[in-house]
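A.B. asks: One structure coming up, written as structure tokens, with questions to follow.
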Amino acid sequence: MKHTNEIKLTILSKSANEGFARSAIAAFVAQLDPTLDELNDIKTAVSEAVTNCIVHAYPNSVEKIHIRVRLFDDNNIEIVIKDNGLGIPNIEKARTPMYTTGDSERSGMGFTIMESFMDSLNVRSKSGHGTVVTMKKRISMRLSGRHGV
Amino acid sequence: MKIISTKTNKTLKIELVGELDHHAARNAIMRIGQSIDFELPEKTILNLSGLSFMDSSGIAVIINIYRRMQELGGAFEISDVPTQANKVINAAGLNKIIKISEEKSLVI
């Protein structure tokens, strides 16, 4: 299915940009008339993915994080967050709840939250090359039946 | 994010206002840790009613406080958790480990 709308954002891997990424994607997704809960779910998942890039992909430098959001006719949203950073040696291990390679400032719950708050999560990575996180969520049809007006 | 710290008798109340994400968490862990180390409370209450957003970085903040209070042999609870933050806390299973209370008796 071809997407009906799309945005692309590139941000620097600075923690000051985490809030911006959340707000920007929420603003774009708003045209599908999500509920507050759905919007919060998406903002939280985005926050986790972007934070992972800042903390893990580029731990010692400031580089680019590429974000692409697509909207589809069936009310599906696809969010892709891509970096060209360190990569994940063992994706299965990384996705285990509470597993983190970070310090005590990290809880190791990032992927777990992305998985529970979105409908699907796909992680592809190559050590030394980078990581691509793809998340999808379907916005429920409201009784009014009007979307994207 | 703002951190408001109040000590009454031997209870330390910490209110967080704004968005608790990775950007805010680094500083929060340090400042709250300093507060606890200075006040040495018997009980710490972390009031989250002012949080418009929290992600898993907030979980790390909570766990850090929990550990510190355990070291002190004191009590710790989280109060007045907004809906979005509550979902994150439950996803992390923290609701099974840490006491969550309501300071306000009326919820609108």
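In the structure tokens, chains take the letters A, B, ... in the order shown, each chain's residues start at 1, and ligands count up from 1 in the order shown.
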From the DSSP assignment of the backbone, select every residue of stretch 75-114 of chain A that is strand (DSSP E), and format the answer as an MDAnalysis selection string.

C.D. replies: chainID A and resid 76:83

A.B. asks: Which residues come within 12 Å of B:Asp37, counting only C-alpha atoms, excluding same-chain residues fewer than 2 positions away, as a JSON list (two decimals) with N, CA, C and O atoms, in the first residue's frame?

C.D. replies:
[["chain", "number", "residue", "atom", "x", "y", "z"],
["B", 12, "LEU", "N", 10.76, 13.77, 52.84],
["B", 12, "LEU", "CA", 11.20, 14.60, 51.73],
["B", 12, "LEU", "C", 10.22, 14.42, 50.58],
["B", 12, "LEU", "O", 9.98, 13.31, 50.13],
["B", 29, "ILE", "N", 18.70, 12.92, 38.31],
["B", 29, "ILE", "CA", 19.28, 11.89, 39.16],
["B", 29, "ILE", "C", 20.32, 12.51, 40.10],
["B", 29, "ILE", "O", 20.36, 12.22, 41.30],
["B", 30, "MET", "N", 21.13, 13.40, 39.55],
["B", 30, "MET", "CA", 22.17, 14.03, 40.36],
["B", 30, "MET", "C", 21.58, 14.93, 41.43],
["B", 30, "MET", "O", 21.93, 14.84, 42.61],
["B", 31, "ARG", "N", 20.63, 15.80, 41.03],
["B", 31, "ARG", "CA", 20.07, 16.76, 41.97],
["B", 31, "ARG", "C", 19.22, 16.10, 43.05],
["B", 31, "ARG", "O", 19.29, 16.47, 44.21],
["B", 32, "ILE", "N", 18.45, 15.09, 42.67],
["B", 32, "ILE", "CA", 17.63, 14.38, 43.67],
["B", 32, "ILE", "C", 18.54, 13.61, 44.62],
["B", 32, "ILE", "O", 18.32, 13.58, 45.83],
["B", 33, "GLY", "N", 19.59, 13.01, 44.05],
["B", 33, "GLY", "CA", 20.56, 12.28, 44.89],
["B", 33, "GLY", "C", 21.19, 13.20, 45.92],
["B", 33, "GLY", "O", 21.33, 12.85, 47.10],
["B", 34, "GLN", "N", 21.53, 14.41, 45.49],
["B", 34, "GLN", "CA", 22.13, 15.39, 46.40],
["B", 34, "GLN", "C", 21.15, 15.77, 47.50],
["B", 34, "GLN", "O", 21.51, 15.92, 48.66],
["B", 35, "SER", "N", 19.88, 15.94, 47.11],
["B", 35, "SER", "CA", 18.83, 16.29, 48.06],
["B", 35, "SER", "C", 18.69, 15.22, 49.14],
["B", 35, "SER", "O", 18.62, 15.52, 50.32],
["B", 39, "GLU", "N", 19.43, 15.74, 53.05],
["B", 39, "GLU", "CA", 18.32, 15.72, 53.99],
["B", 39, "GLU", "C", 18.25, 14.43, 54.80],
["B", 39, "GLU", "O", 17.68, 14.41, 55.90],
["B", 40, "LEU", "N", 18.77, 13.35, 54.26],
["B", 40, "LEU", "CA", 18.70, 12.03, 54.90],
["B", 40, "LEU", "C", 17.30, 11.75, 55.45],
["B", 40, "LEU", "O", 17.11, 11.56, 56.65],
["B", 41, "PRO", "N", 16.30, 11.72, 54.58],
["B", 41, "PRO", "CA", 14.93, 11.55, 55.05],
["B", 41, "PRO", "C", 14.62, 10.12, 55.45],
["B", 41, "PRO", "O", 15.28, 9.19, 55.00],
["B", 42, "GLU", "N", 13.58, 9.97, 56.29],
["B", 42, "GLU", "CA", 13.12, 8.61, 56.62],
["B", 42, "GLU", "C", 12.17, 8.13, 55.54],
["B", 42, "GLU", "O", 11.94, 6.94, 55.37],
["B", 44, "THR", "N", 10.74, 9.28, 51.44],
["B", 44, "THR", "CA", 10.75, 10.16, 50.27],
["B", 44, "THR", "C", 9.49, 9.89, 49.46],
["B", 44, "THR", "O", 9.13, 8.75, 49.19],
["B", 65, "ILE", "N", 16.28, 6.48, 42.95],
["B", 65, "ILE", "CA", 15.77, 6.95, 44.24],
["B", 65, "ILE", "C", 15.46, 5.75, 45.13],
["B", 65, "ILE", "O", 15.78, 5.73, 46.33],
["B", 68, "ARG", "N", 18.59, 4.31, 46.57],
["B", 68, "ARG", "CA", 19.19, 5.21, 47.57],
["B", 68, "ARG", "C", 18.43, 5.11, 48.90],
["B", 68, "ARG", "O", 19.01, 5.06, 49.97],
["B", 69, "MET", "N", 17.10, 5.08, 48.82],
["B", 69, "MET", "CA", 16.28, 5.01, 50.03],
["B", 69, "MET", "C", 16.43, 3.64, 50.70],
["B", 69, "MET", "O", 16.38, 3.54, 51.93],
["B", 71, "GLU", "N", 19.20, 1.94, 50.69],
["B", 71, "GLU", "CA", 20.49, 2.06, 51.37],
["B", 71, "GLU", "C", 20.34, 2.77, 52.70],
["B", 71, "GLU", "O", 21.00, 2.44, 53.69],
["B", 72, "LEU", "N", 19.45, 3.77, 52.73],
["B", 72, "LEU", "CA", 19.22, 4.54, 53.95],
["B", 72, "LEU", "C", 18.29, 3.82, 54.91],
["B", 72, "LEU", "O", 18.10, 4.26, 56.04]]

A.B. asks: As a PyMOL selection string, list the residues of chain A assigned to alpha helix (DSSP H) by DSSP on the backbone atoms of this structure.

C.D. replies: chain A and resi 18-29+36-52+91-94+110-117

A.B. asks: Any chance you could tabulate, as JSON lines, the residues of chain A at most 7 Å from chain B with each one's nearest atom pair and distance in Å to one decimal, using only C-alpha atoms, in chain and rising number order?

C.D. replies:
{"residue": "A:Ser15", "atom": "CA", "partner": "B:His23", "partner_atom": "CA", "distance": 4.8}
{"residue": "A:Ala16", "atom": "CA", "partner": "B:His23", "partner_atom": "CA", "distance": 6.1}
{"residue": "A:Asn40", "atom": "CA", "partner": "B:Gln84", "partner_atom": "CA", "distance": 6.5}
{"residue": "A:Thr44", "atom": "CA", "partner": "B:Asp55", "partner_atom": "CA", "distance": 5.9}
{"residue": "A:Ser47", "atom": "CA", "partner": "B:Asp55", "partner_atom": "CA", "distance": 6.9}
{"residue": "A:Glu48", "atom": "CA", "partner": "B:Asp55", "partner_atom": "CA", "distance": 6.9}
{"residue": "A:Thr51", "atom": "CA", "partner": "B:His22", "partner_atom": "CA", "distance": 6.7}
{"residue": "A:Glu105", "atom": "CA", "partner": "B:Ala60", "partner_atom": "CA", "distance": 5.6}
{"residue": "A:Arg106", "atom": "CA", "partner": "B:Ala60", "partner_atom": "CA", "distance": 5.5}
{"residue": "A:Ser107", "atom": "CA", "partner": "B:Ala60", "partner_atom": "CA", "distance": 4.9}
{"residue": "A:Met109", "atom": "CA", "partner": "B:Ser56", "partner_atom": "CA", "distance": 6.1}
{"residue": "A:Gly110", "atom": "CA", "partner": "B:Ser56", "partner_atom": "CA", "distance": 6.3}
{"residue": "A:Ile113", "atom": "CA", "partner": "B:Ala91", "partner_atom": "CA", "distance": 6.6}

A.B. asks: Take the residues just selected and output them with N, CA and C atoms as a PDB file, in the first residue's frame.

C.D. replies:
ATOM      1  N   SER A  15      20.507  15.527  23.209  1.00  0.00           N
ATOM      2  CA  SER A  15      19.334  15.223  24.030  1.00  0.00           C
ATOM      3  C   SER A  15      18.333  16.374  24.029  1.00  0.00           C
ATOM      4  N   ALA A  16      18.830  17.580  23.773  1.00  0.00           N
ATOM      5  CA  ALA A  16      17.921  18.731  23.705  1.00  0.00           C
ATOM      6  C   ALA A  16      16.907  18.580  22.568  1.00  0.00           C
ATOM      7  N   ASN A  40       0.072   9.785  22.903  1.00  0.00           N
ATOM      8  CA  ASN A  40       1.064   9.584  23.961  1.00  0.00           C
ATOM      9  C   ASN A  40       1.890   8.325  23.727  1.00  0.00           C
ATOM     10  N   THR A  44       5.904   8.461  23.197  1.00  0.00           N
ATOM     11  CA  THR A  44       6.769   7.702  24.090  1.00  0.00           C
ATOM     12  C   THR A  44       7.693   6.782  23.293  1.00  0.00           C
ATOM     13  N   SER A  47      10.342   8.799  21.606  1.00  0.00           N
ATOM     14  CA  SER A  47      11.310   9.241  22.603  1.00  0.00           C
ATOM     15  C   SER A  47      12.327   8.155  22.899  1.00  0.00           C
ATOM     16  N   GLU A  48      11.848   6.932  23.024  1.00  0.00           N
ATOM     17  CA  GLU A  48      12.750   5.805  23.311  1.00  0.00           C
ATOM     18  C   GLU A  48      13.723   5.579  22.156  1.00  0.00           C
ATOM     19  N   THR A  51      16.267   8.466  21.829  1.00  0.00           N
ATOM     20  CA  THR A  51      17.200   8.387  22.957  1.00  0.00           C
ATOM     21  C   THR A  51      18.231   7.283  22.735  1.00  0.00           C
ATOM     22  N   GLU A 105      22.001   5.324  34.647  1.00  0.00           N
ATOM     23  CA  GLU A 105      21.017   6.301  34.210  1.00  0.00           C
ATOM     24  C   GLU A 105      20.062   5.694  33.190  1.00  0.00           C
ATOM     25  N   ARG A 106      20.309   4.456  32.792  1.00  0.00           N
ATOM     26  CA  ARG A 106      19.454   3.776  31.815  1.00  0.00           C
ATOM     27  C   ARG A 106      18.752   2.606  32.477  1.00  0.00           C
ATOM     28  N   SER A 107      17.488   2.359  32.061  1.00  0.00           N
ATOM     29  CA  SER A 107      16.713   1.287  32.697  1.00  0.00           C
ATOM     30  C   SER A 107      16.658   0.021  31.845  1.00  0.00           C
ATOM     31  N   MET A 109      14.716  -0.450  29.310  1.00  0.00           N
ATOM     32  CA  MET A 109      13.314  -0.730  28.960  1.00  0.00           C
ATOM     33  C   MET A 109      12.900  -0.129  27.614  1.00  0.00           C
ATOM     34  N   GLY A 110      13.839   0.518  26.935  1.00  0.00           N
ATOM     35  CA  GLY A 110      13.505   1.225  25.692  1.00  0.00           C
ATOM     36  C   GLY A 110      12.773   0.383  24.660  1.00  0.00           C
ATOM     37  N   ILE A 113       9.327  -0.879  25.777  1.00  0.00           N
ATOM     38  CA  ILE A 113       8.270   0.130  25.683  1.00  0.00           C
ATOM     39  C   ILE A 113       7.853   0.351  24.237  1.00  0.00           C
TER      40      ILE A 113
END

A.B. asks: Need to verify the contact set: stretch 97-101 of chain B, 10 Å, only C-alpha atoms, exclusion of same-chain residues closer than 4 positions in sequence. Can you return it as a list in words?

C.D. replies: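 Counting only the stated atoms, we get Ile45, Leu46, Asn47, Ile62, Ile63, Tyr66, Ala75, Phe76, Glu77, Ile78, Ser79, Asp80, Val81, Asn86, Ile89 and Gly93 of chain B.
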
A.B. asks: Please produce a file of the residues just selected, as a compact mmCIF listing (two decimals), in the first residue's frame, where the atoms kept are all heavy atoms.

C.D. replies:
# COMPACT_ATOMS: atom_id res chain seq x y z
N ILE B 45 8.80 10.98 49.10
CA ILE B 45 7.62 10.87 48.24
C ILE B 45 7.93 11.59 46.94
O ILE B 45 8.27 12.78 46.95
CB ILE B 45 6.37 11.52 48.88
CG1 ILE B 45 6.06 10.84 50.22
CG2 ILE B 45 5.17 11.40 47.94
CD1 ILE B 45 4.96 11.53 51.02
N LEU B 46 7.84 10.88 45.84
CA LEU B 46 8.07 11.47 44.52
C LEU B 46 6.72 11.76 43.88
O LEU B 46 5.99 10.85 43.50
CB LEU B 46 8.90 10.52 43.65
CG LEU B 46 9.29 11.04 42.26
CD1 LEU B 46 10.31 12.17 42.39
CD2 LEU B 46 9.88 9.93 41.41
N ASN B 47 6.38 13.02 43.81
CA ASN B 47 5.08 13.42 43.26
C ASN B 47 5.22 13.71 41.77
O ASN B 47 5.98 14.59 41.36
CB ASN B 47 4.59 14.66 44.01
CG ASN B 47 3.20 15.09 43.56
OD1 ASN B 47 2.97 15.33 42.36
ND2 ASN B 47 2.28 15.16 44.49
N ILE B 62 13.47 6.86 38.96
CA ILE B 62 12.72 6.23 40.05
C ILE B 62 13.54 5.13 40.71
O ILE B 62 13.62 5.04 41.94
CB ILE B 62 11.36 5.68 39.55
CG1 ILE B 62 10.45 6.83 39.13
CG2 ILE B 62 10.69 4.82 40.61
CD1 ILE B 62 9.21 6.40 38.36
N ILE B 63 14.16 4.28 39.89
CA ILE B 63 14.97 3.18 40.43
C ILE B 63 16.15 3.70 41.23
O ILE B 63 16.49 3.16 42.28
CB ILE B 63 15.44 2.24 39.30
CG1 ILE B 63 14.25 1.47 38.74
CG2 ILE B 63 16.51 1.26 39.79
CD1 ILE B 63 14.57 0.62 37.52
N TYR B 66 14.81 4.75 44.55
CA TYR B 66 14.44 3.53 45.28
C TYR B 66 15.67 2.89 45.93
O TYR B 66 15.67 2.56 47.12
CB TYR B 66 13.77 2.57 44.30
CG TYR B 66 13.47 1.19 44.84
CD1 TYR B 66 12.43 0.99 45.74
CD2 TYR B 66 14.21 0.07 44.42
CE1 TYR B 66 12.14 -0.28 46.23
CE2 TYR B 66 13.93 -1.19 44.91
CZ TYR B 66 12.90 -1.36 45.81
OH TYR B 66 12.62 -2.61 46.28
N ALA B 75 11.70 4.74 53.60
CA ALA B 75 10.55 4.38 52.74
C ALA B 75 10.52 5.27 51.51
O ALA B 75 11.03 6.40 51.52
CB ALA B 75 9.26 4.54 53.53
N PHE B 76 9.92 4.75 50.47
CA PHE B 76 9.82 5.51 49.22
C PHE B 76 8.50 5.21 48.56
O PHE B 76 8.08 4.06 48.49
CB PHE B 76 10.98 5.13 48.29
CG PHE B 76 10.87 5.71 46.91
CD1 PHE B 76 10.65 7.08 46.71
CD2 PHE B 76 11.00 4.90 45.79
CE1 PHE B 76 10.55 7.61 45.43
CE2 PHE B 76 10.92 5.42 44.50
CZ PHE B 76 10.70 6.77 44.32
N GLU B 77 7.82 6.24 48.11
CA GLU B 77 6.62 6.02 47.33
C GLU B 77 6.47 7.09 46.26
O GLU B 77 7.03 8.18 46.36
CB GLU B 77 5.37 5.96 48.20
CG GLU B 77 4.97 7.26 48.87
CD GLU B 77 3.86 7.07 49.88
OE1 GLU B 77 3.99 6.22 50.78
OE2 GLU B 77 2.86 7.79 49.77
N ILE B 78 5.72 6.72 45.23
CA ILE B 78 5.43 7.63 44.12
C ILE B 78 3.98 8.06 44.29
O ILE B 78 3.13 7.24 44.62
CB ILE B 78 5.58 6.90 42.77
CG1 ILE B 78 6.94 6.24 42.65
CG2 ILE B 78 5.39 7.88 41.62
CD1 ILE B 78 7.05 5.35 41.43
N SER B 79 3.71 9.34 44.11
CA SER B 79 2.32 9.77 44.27
C SER B 79 1.79 10.51 43.06
O SER B 79 2.54 11.14 42.31
CB SER B 79 2.17 10.63 45.53
OG SER B 79 2.54 11.96 45.26
N ASP B 80 0.48 10.42 42.87
CA ASP B 80 -0.26 11.18 41.86
C ASP B 80 0.34 11.05 40.46
O ASP B 80 0.84 12.02 39.88
CB ASP B 80 -0.34 12.66 42.27
CG ASP B 80 -1.00 12.79 43.63
OD1 ASP B 80 -2.23 12.67 43.69
OD2 ASP B 80 -0.27 12.97 44.63
N VAL B 81 0.29 9.82 39.97
CA VAL B 81 0.89 9.52 38.67
C VAL B 81 -0.09 9.80 37.53
O VAL B 81 -1.17 9.23 37.49
CB VAL B 81 1.33 8.04 38.62
CG1 VAL B 81 2.09 7.76 37.34
CG2 VAL B 81 2.18 7.69 39.83
N ASN B 86 1.94 6.61 34.06
CA ASN B 86 1.49 5.37 34.66
C ASN B 86 1.63 4.19 33.71
O ASN B 86 2.01 3.09 34.11
CB ASN B 86 0.03 5.51 35.10
CG ASN B 86 -0.37 4.45 36.10
OD1 ASN B 86 0.32 4.22 37.09
ND2 ASN B 86 -1.46 3.76 35.85
N ILE B 89 5.27 3.23 33.72
CA ILE B 89 5.60 2.57 34.99
C ILE B 89 5.10 1.13 35.00
O ILE B 89 5.81 0.21 35.43
CB ILE B 89 5.03 3.37 36.18
CG1 ILE B 89 5.86 4.63 36.39
CG2 ILE B 89 5.00 2.54 37.46
CD1 ILE B 89 5.27 5.62 37.38
N GLY B 93 6.93 -2.70 34.95
CA GLY B 93 6.65 -3.57 36.10
C GLY B 93 6.95 -2.94 37.44
O GLY B 93 6.95 -3.60 38.47
